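**Q** Quick one: structure below, then a few questions.
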Amino acid sequence: MIIIPIGTKNTLALKPLVTISLIVTCVVIHILSGLTSEDPSEKLITIYPDLYADQVHLYLLEENPGDPDGQYLDEYQSAAIASIRNARDFPAIEEGIYVATGESFDCIEKIGEFGDILLSRDESYYHGASQANNLFRDWKIRKEEEDRALAGLPSYSLGLVPAKMNRIWTFVTHLFLHGDIWHLLGNMLFLWVVGCLLEDSWGRYPFLAFYLAGGIFAGWAHCLQDTSSSIPLIGASGAIAAIMGAFTVRHFMTRIKFFYLFIFLFRPFWGNFYLPAFVFLPFWFFQQVALKSLAEFGGGGSEVAYLAHIAGYMAGIITALTFKATGVEKKWIDPMVEKKQIDEGVLSDPRFDEGCRLINENQIGRARLIFSQLLQDRPEDLKLAIDICSIYIEHGIFDDCLILGEKTLKTLIIRSRLYEATDFAFRLIACDRLTIQAQSLMRIGKWLAEEDRYGEAHDIYRYIIEKNESPNIVAKTSILLARILSDHLNNPSDAIELINNARSDDLDRSLLDTLDETVRKIETDSEALYQN
């Protein structure tokens with residue numbers, strides 16, 4: 001039976017760019033680390049036999065404190081150490097450790113822990129015991145060779161190793177590494193489920209800062225349980241656990257969506273169901289506590305960093321509760337999120353609503369001041385400028401509308417937002433009281449013709465001809481419109497009439513020649529089409 005969380009019932013106001021970026025980053029790093037990292041197994045198998053032979057030998061010496069030089073190792077121990085030294089694969093090394101240490105079920109773990117103890121020692125520890133001192137010196141050399149071999153693995157070079165907490169950067173880098181595809185997919189799924197909504201509630205920058213801080217804290221808590229461990233911690237689960245803890249408080253009643261699949265009598269059944277956050281997330285937390293207790297009770301280690309999960313979740317709970325109790329969320333986070341939603345057009349600025357109210361109450365002067373300040377504060381918000389232009393047209397404030405409209409139209413064209421510019425231009429030219437500059441409209445007309453939107457290009461050019469008194473502008477626009485009428489709208493007679501109407505004594509000689517050439521071309525093309 002498969003049950004996995006896949007989302008929440010809530011809708012988002014903003015795109016979860018940080019959550020998506022974190023997921024993409026983790027996926028890309030996982031792919032790249034698999035492509036670029038070298039497999040150190042071949043090199044390690046040349047190092048580990050001597051390394052573990054010396055490590056087991058030193059361990060047995062400490063088990064017999066009255067025999068510091070190892071003179072009385074029994075024949076089985078001596079043979080086992082020799083078999084470790086001659087091993088050619090990892091199973092053979094483990095078998096030798098098993099025999100040498102008395103065939104105890106936890107012998108591998110004990111030898112590993114003893115290696116961590118050896119790392120904290122120097123040669124003075126074995127002063128007076130020549131064989132132990134020589135073994136320890138050789139062991140140190142092999143350990144350095146192991147470190148150099150493992151340096152090619154991202155999990156060791158960028159993972160968080162408790163014995164090497166001085167590598168401060170690994171408190172962050174370990175969050176973006178994952179062991180295998182299932183480790184990655186599991187973490188990214190949980191991040192998607194809880195991260196999107198919390199990012200939407202707290203804003204992108206606070207969410208990212210909390211994610212990293214939660215991951216750092218969880219990693220630190222994991223390291224403190226065994227500061228001598230050389231096993232690297234990798235994965236984003238500590239940071240995600242912190243997000244889950246904060247989600248439990250911030251979105252207590254939010255319903256989390258699950259997908260299920262099971263097979264009964266060889267028939268598959270699947271579907272979705274919902275559980276509130278206050279049921280699922282605390283259940284997950286207590287599950288981690290129980291699994292950690294079971295692992296400790298069994299006396300064995302675990303590849304899962306349960307303490308990082310527990311610490312991260314508790315950090316999330318405490319942080320979210322602190323935000324609520326101190327008013328940080330209400331005073332700082334909520335206004336920041338609201339401003340971002342306003343900037344991205346999700347919410348309307350309260351000043352815009354106030355300006356609309358004042359205009360409806362015929363307080364035009366105050367409304368214009370508010371709109372002016374609003375445009376000054378948000379110069380990049382072209383949608384706001386377009387909305388204010390529409391309000392000005394509706395209430396007959398044509399002078400302000402003309403100035404703002406032409407400025408906005410030019411900005412849209414400069415930024416190549418020509419679809420929006422076209423819609424806005426038609427909104428402006430629909431008002432008979434406005435005369436829009438020909439330059440911007442001619443650029444839109446040219447683009448419409450390039451897009452084969454000839455009917456709309458015709459309307460734009462016709463507006464320019466009707467609204468302009470400059471003979472040169474009328475003549476140039478008439479040439480463009482005549483070509484559309486003749487070549488694309490199958491109306492050469494109107495095209496020729498348009499050209500003839502554009503003639504004026506004030507035109508340049510070159511422009512008059514262009515008019516004549518245009519007429520001749522239209523007539524030639526029309527005659528050729530008629531003959532065919």
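Identifiers in the structure tokens: chain A, B, ... in order shown; residue index from 1 per chain; ligand index from 1 in order shown.
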Output as a tab-separated table one row per residue of stretch 127-224 of chain A within 12 Å of stretch 243-256 of chain A: the closest atom pair and its distance in Å to one decimal place, counting only C-alpha atoms, sorted by chain and residue number ascending.

**A**
```
residue	atom	partner	partner_atom	distance
A:Asn187	CA	A:Met244	CA	11.7
A:Phe190	CA	A:Met244	CA	8.5
A:Leu191	CA	A:Ile243	CA	7.9
A:Trp192	CA	A:Ile243	CA	10.6
A:Val193	CA	A:Ile256	CA	7.8
A:Val194	CA	A:Met244	CA	6.3
A:Gly195	CA	A:Ile243	CA	6.6
A:Cys196	CA	A:Ile243	CA	10.2
A:Leu197	CA	A:Phe247	CA	8.3
A:Leu198	CA	A:Phe247	CA	6.4
A:Glu199	CA	A:Ile243	CA	9.5
A:Asp200	CA	A:Arg250	CA	11.4
A:Ser201	CA	A:Arg250	CA	8.4
A:Trp202	CA	A:Arg250	CA	9.5
A:Pro206	CA	A:Ile243	CA	11.8
A:Phe207	CA	A:Ile243	CA	8.7
A:Leu208	CA	A:Ile243	CA	10.2
A:Ala209	CA	A:Ile243	CA	11.2
A:Phe210	CA	A:Ile243	CA	7.9
A:Tyr211	CA	A:Ile243	CA	6.6
A:Leu212	CA	A:Ile243	CA	10.1
A:Ala213	CA	A:Ile243	CA	10.4
A:Gly214	CA	A:Ile243	CA	7.6
A:Gly215	CA	A:Ile243	CA	9.4
A:Ala218	CA	A:Ile243	CA	11.5
```

**Q** Using the chain letters and numbers from this document, which residues of stretch 152-260 of chain A does DSSP assign to strand (DSSP E or B), as a list of chain:residue names?

**A** A:Leu160, A:Leu233, A:Arg255, A:Ile256, A:Lys257, A:Phe258, A:Phe259, A:Tyr260

**Q** Write the residues of the selection above to a file with N, CA and C atoms, as a PDB file, in the first residue's frame.

**A**
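Written output follows (out.pdb):
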```
ATOM      1  N   LEU A 160      28.099  17.259   6.129  1.00  0.00           N
ATOM      2  CA  LEU A 160      28.377  17.744   7.482  1.00  0.00           C
ATOM      3  C   LEU A 160      28.919  16.592   8.322  1.00  0.00           C
ATOM      4  N   LEU A 233      26.696  13.797   7.311  1.00  0.00           N
ATOM      5  CA  LEU A 233      25.248  13.995   7.241  1.00  0.00           C
ATOM      6  C   LEU A 233      24.942  14.737   5.943  1.00  0.00           C
ATOM      7  N   ARG A 255      -5.736  21.524   5.342  1.00  0.00           N
ATOM      8  CA  ARG A 255      -5.917  20.114   4.975  1.00  0.00           C
ATOM      9  C   ARG A 255      -4.858  19.719   3.941  1.00  0.00           C
ATOM     10  N   ILE A 256      -4.117  18.668   4.277  1.00  0.00           N
ATOM     11  CA  ILE A 256      -3.064  18.152   3.400  1.00  0.00           C
ATOM     12  C   ILE A 256      -3.640  17.022   2.553  1.00  0.00           C
ATOM     13  N   LYS A 257      -3.352  17.099   1.262  1.00  0.00           N
ATOM     14  CA  LYS A 257      -3.891  16.131   0.307  1.00  0.00           C
ATOM     15  C   LYS A 257      -2.947  14.945   0.161  1.00  0.00           C
ATOM     16  N   PHE A 258      -3.519  13.726   0.193  1.00  0.00           N
ATOM     17  CA  PHE A 258      -2.741  12.494   0.068  1.00  0.00           C
ATOM     18  C   PHE A 258      -3.218  11.679  -1.133  1.00  0.00           C
ATOM     19  N   PHE A 259      -2.285  10.990  -1.727  1.00  0.00           N
ATOM     20  CA  PHE A 259      -2.598  10.018  -2.776  1.00  0.00           C
ATOM     21  C   PHE A 259      -2.386   8.623  -2.194  1.00  0.00           C
ATOM     22  N   TYR A 260      -3.340   7.725  -2.475  1.00  0.00           N
ATOM     23  CA  TYR A 260      -3.172   6.346  -1.994  1.00  0.00           C
ATOM     24  C   TYR A 260      -3.317   5.368  -3.151  1.00  0.00           C
TER      25      TYR A 260
END
```

**Q** Could you state the separation of atom CA of A:Asp54 and atom CA of A:Ser155 in Å, given to one decimal place?

**A**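 Those two atoms sit 25.8 Å apart.
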
**Q** Pick the closest to A:Cys107 from A:Ile20, A:Ile436, A:Leu60, A:Ala315: which is it, counting only C-alpha atoms?

**A**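 Looking at the shortest contact to A:Cys107, the residue is A:Leu60.
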
**Q** Could you state the separation of atom CA of A:Leu512 and atom CA of A:Ile460 in Å, given to one decimal place?

**A** 22.8 Å

**Q** Counting only C-alpha atoms, which residue out of A:Asp377, A:Asp122, A:Asp400, A:Glu420 sits closest to A:Arg351?

**A**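 Closest residue, counting only C-alpha atoms: A:Asp377.
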
**Q** What lies within 8 Å of A:Gly203 using only C-alpha atoms, ignoring chain neighbours under 6 positions off, as number ranges by chain?

**A** A: 333, 336-337, 340

**Q** Give me a file of those residues, with N, CA and C atoms, as a PDB file, in the first residue's frame.

**A**
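Contents of again_9.pdb, as written:
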```pdb
ATOM      1  N   ILE A 333       6.248  40.582   9.172  1.00  0.00           N
ATOM      2  CA  ILE A 333       6.136  39.634   8.069  1.00  0.00           C
ATOM      3  C   ILE A 333       4.892  39.894   7.232  1.00  0.00           C
ATOM      4  N   MET A 336       5.136  42.908   4.937  1.00  0.00           N
ATOM      5  CA  MET A 336       6.085  42.648   3.863  1.00  0.00           C
ATOM      6  C   MET A 336       5.450  41.778   2.777  1.00  0.00           C
ATOM      7  N   VAL A 337       4.718  40.744   3.209  1.00  0.00           N
ATOM      8  CA  VAL A 337       4.048  39.852   2.255  1.00  0.00           C
ATOM      9  C   VAL A 337       2.965  40.615   1.501  1.00  0.00           C
ATOM     10  N   LYS A 340       4.492  42.730  -1.189  1.00  0.00           N
ATOM     11  CA  LYS A 340       4.926  41.918  -2.321  1.00  0.00           C
ATOM     12  C   LYS A 340       3.734  41.522  -3.178  1.00  0.00           C
TER      13      LYS A 340
END
```

**Q** Which residues, written as a list in words, have at least one atom at most 12 Å from A:Pro350, with only C-alpha atoms counted and residues fewer than 2 positions away on the same chain left out?

**A** Glu338, Lys339, Ile342, Leu347, Ser348, Phe352, Asp353, Glu354, Gly355, Cys356, Arg357, Ile370, Phe371 and Leu374 of chain A

**Q** Excluding A:Gly455 and any residue of its chain fewer than 6 positions from it, enumerate the residues within 10 Å of it, using only C-alpha atoms, and give them as a list in words.

**A** Leu448, Ala449, Ile484, Leu485, His488 and Leu489 of chain A

**Q** Could those selected residues go to a file with all heavy atoms, as a compact mmCIF listing (two decimals), in the first residue's frame?

**A**
```
# COMPACT_ATOMS: atom_id res chain seq x y z
N LEU A 448 1.73 45.00 -35.85
CA LEU A 448 0.50 44.29 -36.19
C LEU A 448 0.55 43.76 -37.62
O LEU A 448 0.13 42.62 -37.89
CB LEU A 448 -0.71 45.23 -36.03
CG LEU A 448 -1.11 45.56 -34.58
CD1 LEU A 448 -2.14 46.69 -34.56
CD2 LEU A 448 -1.66 44.32 -33.88
N ALA A 449 1.12 44.54 -38.54
CA ALA A 449 1.25 44.08 -39.93
C ALA A 449 2.21 42.90 -40.02
O ALA A 449 1.97 41.94 -40.77
CB ALA A 449 1.72 45.23 -40.81
N ILE A 484 -1.28 47.84 -47.17
CA ILE A 484 -2.12 46.82 -46.51
C ILE A 484 -3.42 46.63 -47.28
O ILE A 484 -3.86 45.50 -47.52
CB ILE A 484 -2.40 47.24 -45.05
CG1 ILE A 484 -1.12 47.12 -44.22
CG2 ILE A 484 -3.50 46.37 -44.45
CD1 ILE A 484 -1.27 47.57 -42.78
N LEU A 485 -4.06 47.77 -47.69
CA LEU A 485 -5.31 47.68 -48.44
C LEU A 485 -5.12 46.93 -49.76
O LEU A 485 -5.95 46.10 -50.15
CB LEU A 485 -5.87 49.07 -48.71
CG LEU A 485 -6.44 49.84 -47.51
CD1 LEU A 485 -6.67 51.31 -47.86
CD2 LEU A 485 -7.74 49.18 -47.06
N HIS A 488 -3.13 43.03 -48.93
CA HIS A 488 -3.67 42.06 -47.98
C HIS A 488 -5.19 42.13 -47.80
O HIS A 488 -5.80 41.14 -47.38
CB HIS A 488 -3.00 42.24 -46.60
CG HIS A 488 -1.51 42.13 -46.64
ND1 HIS A 488 -0.85 40.94 -46.86
CD2 HIS A 488 -0.54 43.08 -46.51
CE1 HIS A 488 0.46 41.14 -46.84
NE2 HIS A 488 0.67 42.43 -46.63
N LEU A 489 -5.78 43.28 -48.10
CA LEU A 489 -7.23 43.41 -47.93
C LEU A 489 -7.96 43.50 -49.25
O LEU A 489 -9.17 43.76 -49.28
CB LEU A 489 -7.54 44.65 -47.06
CG LEU A 489 -6.95 44.63 -45.63
CD1 LEU A 489 -7.35 45.89 -44.87
CD2 LEU A 489 -7.39 43.38 -44.88
```

**Q** Name all residues at most 10 Å from A:Ile444 (count only C-alpha atoms; drop same-chain ones fewer than 4 positions away) and give them as a VMD selection string.

**A** chain A and resid 409 413 418 to 419 421 to 422 425 438 to 440 448 to 450 456 to 457 460 to 461

**Q** Go ahead and write the residues just picked, N, CA, C and O atoms, as a PDB file, in the first residue's frame.

**A**
```pdb
ATOM      1  N   LEU A 409       2.444  53.895 -22.750  1.00  0.00           N
ATOM      2  CA  LEU A 409       2.485  53.230 -24.047  1.00  0.00           C
ATOM      3  C   LEU A 409       3.928  53.122 -24.557  1.00  0.00           C
ATOM      4  O   LEU A 409       4.351  52.072 -25.056  1.00  0.00           O
ATOM      5  N   ILE A 413       6.195  49.624 -25.226  1.00  0.00           N
ATOM      6  CA  ILE A 413       6.848  49.359 -26.513  1.00  0.00           C
ATOM      7  C   ILE A 413       8.350  49.142 -26.318  1.00  0.00           C
ATOM      8  O   ILE A 413       8.940  48.215 -26.879  1.00  0.00           O
ATOM      9  N   LEU A 418       4.474  44.133 -26.588  1.00  0.00           N
ATOM     10  CA  LEU A 418       3.656  44.700 -27.671  1.00  0.00           C
ATOM     11  C   LEU A 418       2.216  44.213 -27.636  1.00  0.00           C
ATOM     12  O   LEU A 418       1.321  44.909 -28.116  1.00  0.00           O
ATOM     13  N   TYR A 419       1.967  43.032 -27.115  1.00  0.00           N
ATOM     14  CA  TYR A 419       0.577  42.586 -26.991  1.00  0.00           C
ATOM     15  C   TYR A 419      -0.180  43.510 -26.029  1.00  0.00           C
ATOM     16  O   TYR A 419      -1.306  43.945 -26.317  1.00  0.00           O
ATOM     17  N   ALA A 421       0.793  46.548 -25.200  1.00  0.00           N
ATOM     18  CA  ALA A 421       0.782  47.887 -25.793  1.00  0.00           C
ATOM     19  C   ALA A 421      -0.358  48.042 -26.791  1.00  0.00           C
ATOM     20  O   ALA A 421      -1.021  49.090 -26.851  1.00  0.00           O
ATOM     21  N   THR A 422      -0.601  46.992 -27.581  1.00  0.00           N
ATOM     22  CA  THR A 422      -1.686  47.041 -28.568  1.00  0.00           C
ATOM     23  C   THR A 422      -3.046  47.171 -27.903  1.00  0.00           C
ATOM     24  O   THR A 422      -3.877  48.010 -28.292  1.00  0.00           O
ATOM     25  N   ALA A 425      -3.331  50.636 -26.507  1.00  0.00           N
ATOM     26  CA  ALA A 425      -3.484  51.648 -27.566  1.00  0.00           C
ATOM     27  C   ALA A 425      -4.929  51.717 -28.050  1.00  0.00           C
ATOM     28  O   ALA A 425      -5.479  52.813 -28.239  1.00  0.00           O
ATOM     29  N   ALA A 438       1.749  59.995 -32.932  1.00  0.00           N
ATOM     30  CA  ALA A 438       1.790  59.043 -34.044  1.00  0.00           C
ATOM     31  C   ALA A 438       2.954  58.065 -33.941  1.00  0.00           C
ATOM     32  O   ALA A 438       2.856  56.916 -34.382  1.00  0.00           O
ATOM     33  N   GLN A 439       4.067  58.473 -33.339  1.00  0.00           N
ATOM     34  CA  GLN A 439       5.264  57.634 -33.318  1.00  0.00           C
ATOM     35  C   GLN A 439       5.008  56.279 -32.668  1.00  0.00           C
ATOM     36  O   GLN A 439       5.353  55.233 -33.220  1.00  0.00           O
ATOM     37  N   SER A 440       4.396  56.296 -31.481  1.00  0.00           N
ATOM     38  CA  SER A 440       4.118  55.046 -30.789  1.00  0.00           C
ATOM     39  C   SER A 440       3.106  54.201 -31.559  1.00  0.00           C
ATOM     40  O   SER A 440       3.257  52.982 -31.690  1.00  0.00           O
ATOM     41  N   LEU A 448       1.727  45.004 -35.847  1.00  0.00           N
ATOM     42  CA  LEU A 448       0.495  44.294 -36.191  1.00  0.00           C
ATOM     43  C   LEU A 448       0.552  43.756 -37.618  1.00  0.00           C
ATOM     44  O   LEU A 448       0.125  42.622 -37.890  1.00  0.00           O
ATOM     45  N   ALA A 449       1.117  44.540 -38.538  1.00  0.00           N
ATOM     46  CA  ALA A 449       1.247  44.084 -39.928  1.00  0.00           C
ATOM     47  C   ALA A 449       2.215  42.898 -40.023  1.00  0.00           C
ATOM     48  O   ALA A 449       1.970  41.944 -40.772  1.00  0.00           O
ATOM     49  N   GLU A 450       3.294  42.952 -39.232  1.00  0.00           N
ATOM     50  CA  GLU A 450       4.249  41.834 -39.225  1.00  0.00           C
ATOM     51  C   GLU A 450       3.630  40.571 -38.658  1.00  0.00           C
ATOM     52  O   GLU A 450       4.012  39.455 -39.034  1.00  0.00           O
ATOM     53  N   GLU A 456      -6.449  45.121 -37.616  1.00  0.00           N
ATOM     54  CA  GLU A 456      -6.095  45.989 -36.500  1.00  0.00           C
ATOM     55  C   GLU A 456      -5.066  47.043 -36.932  1.00  0.00           C
ATOM     56  O   GLU A 456      -5.132  48.201 -36.502  1.00  0.00           O
ATOM     57  N   ALA A 457      -4.102  46.632 -37.783  1.00  0.00           N
ATOM     58  CA  ALA A 457      -3.137  47.599 -38.304  1.00  0.00           C
ATOM     59  C   ALA A 457      -3.863  48.681 -39.101  1.00  0.00           C
ATOM     60  O   ALA A 457      -3.517  49.881 -39.021  1.00  0.00           O
ATOM     61  N   ILE A 460      -5.388  51.218 -36.682  1.00  0.00           N
ATOM     62  CA  ILE A 460      -4.375  52.091 -36.088  1.00  0.00           C
ATOM     63  C   ILE A 460      -3.936  53.168 -37.082  1.00  0.00           C
ATOM     64  O   ILE A 460      -3.873  54.368 -36.763  1.00  0.00           O
ATOM     65  N   TYR A 461      -3.617  52.741 -38.305  1.00  0.00           N
ATOM     66  CA  TYR A 461      -3.164  53.704 -39.326  1.00  0.00           C
ATOM     67  C   TYR A 461      -4.272  54.697 -39.671  1.00  0.00           C
ATOM     68  O   TYR A 461      -4.007  55.898 -39.886  1.00  0.00           O
TER      69      TYR A 461
END
```

**Q** Write out as number ranges by chain each polymer residue whose atoms come within 10 Å of A:Leu184, counting only C-alpha atoms; drop sequence neighbours fewer than 5 positions from it.

**A** A: 23, 26-27, 30, 176-179, 189, 235-237

**Q** Could those selected residues go to a file with N, CA, C and O atoms, as a tab-separated table (two decimals), in the first residue's frame?

**A**
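Resulting contents of result_32.tsv:
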```
chain	number	residue	atom	x	y	z
A	23	ILE	N	14.09	23.13	-4.84
A	23	ILE	CA	13.90	21.79	-5.42
A	23	ILE	C	14.77	21.62	-6.65
A	23	ILE	O	15.46	20.60	-6.80
A	26	CYS	N	18.46	21.27	-5.69
A	26	CYS	CA	18.79	19.95	-5.15
A	26	CYS	C	18.84	18.90	-6.26
A	26	CYS	O	19.73	18.03	-6.26
A	27	VAL	N	17.91	18.97	-7.20
A	27	VAL	CA	17.89	18.00	-8.30
A	27	VAL	C	19.12	18.16	-9.18
A	27	VAL	O	19.79	17.17	-9.53
A	30	HIS	N	22.20	16.96	-7.42
A	30	HIS	CA	22.22	15.49	-7.35
A	30	HIS	C	22.70	14.90	-8.67
A	30	HIS	O	23.50	13.95	-8.69
A	176	PHE	N	21.93	20.37	0.42
A	176	PHE	CA	21.65	20.25	-1.00
A	176	PHE	C	22.18	18.94	-1.60
A	176	PHE	O	22.13	18.75	-2.81
A	177	LEU	N	22.67	18.04	-0.75
A	177	LEU	CA	23.17	16.74	-1.19
A	177	LEU	C	22.23	15.64	-0.74
A	177	LEU	O	21.64	15.72	0.35
A	178	HIS	N	22.10	14.61	-1.56
A	178	HIS	CA	21.23	13.48	-1.20
A	178	HIS	C	21.88	12.17	-1.63
A	178	HIS	O	22.64	12.12	-2.60
A	179	GLY	N	21.56	11.13	-0.85
A	179	GLY	CA	22.23	9.85	-1.06
A	179	GLY	C	21.84	9.15	-2.34
A	179	GLY	O	22.69	8.69	-3.09
A	189	LEU	N	9.44	16.02	-2.18
A	189	LEU	CA	7.98	15.91	-2.09
A	189	LEU	C	7.46	16.61	-0.84
A	189	LEU	O	6.52	17.41	-0.89
A	235	GLY	N	21.51	15.79	3.14
A	235	GLY	CA	20.07	15.80	2.94
A	235	GLY	C	19.41	17.03	3.52
A	235	GLY	O	19.90	17.64	4.48
A	236	ALA	N	18.27	17.41	2.92
A	236	ALA	CA	17.54	18.61	3.33
A	236	ALA	C	16.50	18.33	4.40
A	236	ALA	O	15.74	19.22	4.76
A	237	SER	N	16.47	17.10	4.93
A	237	SER	CA	15.36	16.72	5.81
A	237	SER	C	15.32	17.54	7.10
A	237	SER	O	14.24	17.79	7.64
```

**Q** For A:Leu44, which residue out of A:Leu404, A:Leu150, A:Ala163, A:Ala475 is the nearest one, using only C-alpha atoms?

**A**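 Looking only at the distances to A:Leu44, the closest residue turns out to be A:Leu150.
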
**Q** For each of A:Ala151, A:Ile499, A:Leu358, A:Leu12, take the minimum atom-to-atom distance to A:Lys43, counting only C-alpha atoms, then give the residue where this is smallest.

**A** A:Ala151

**Q** Between atom CA of A:Ser526 and atom CA of A:Asn500, what distance in Å does the model show, to one decimal?

**A** 16.7 Å
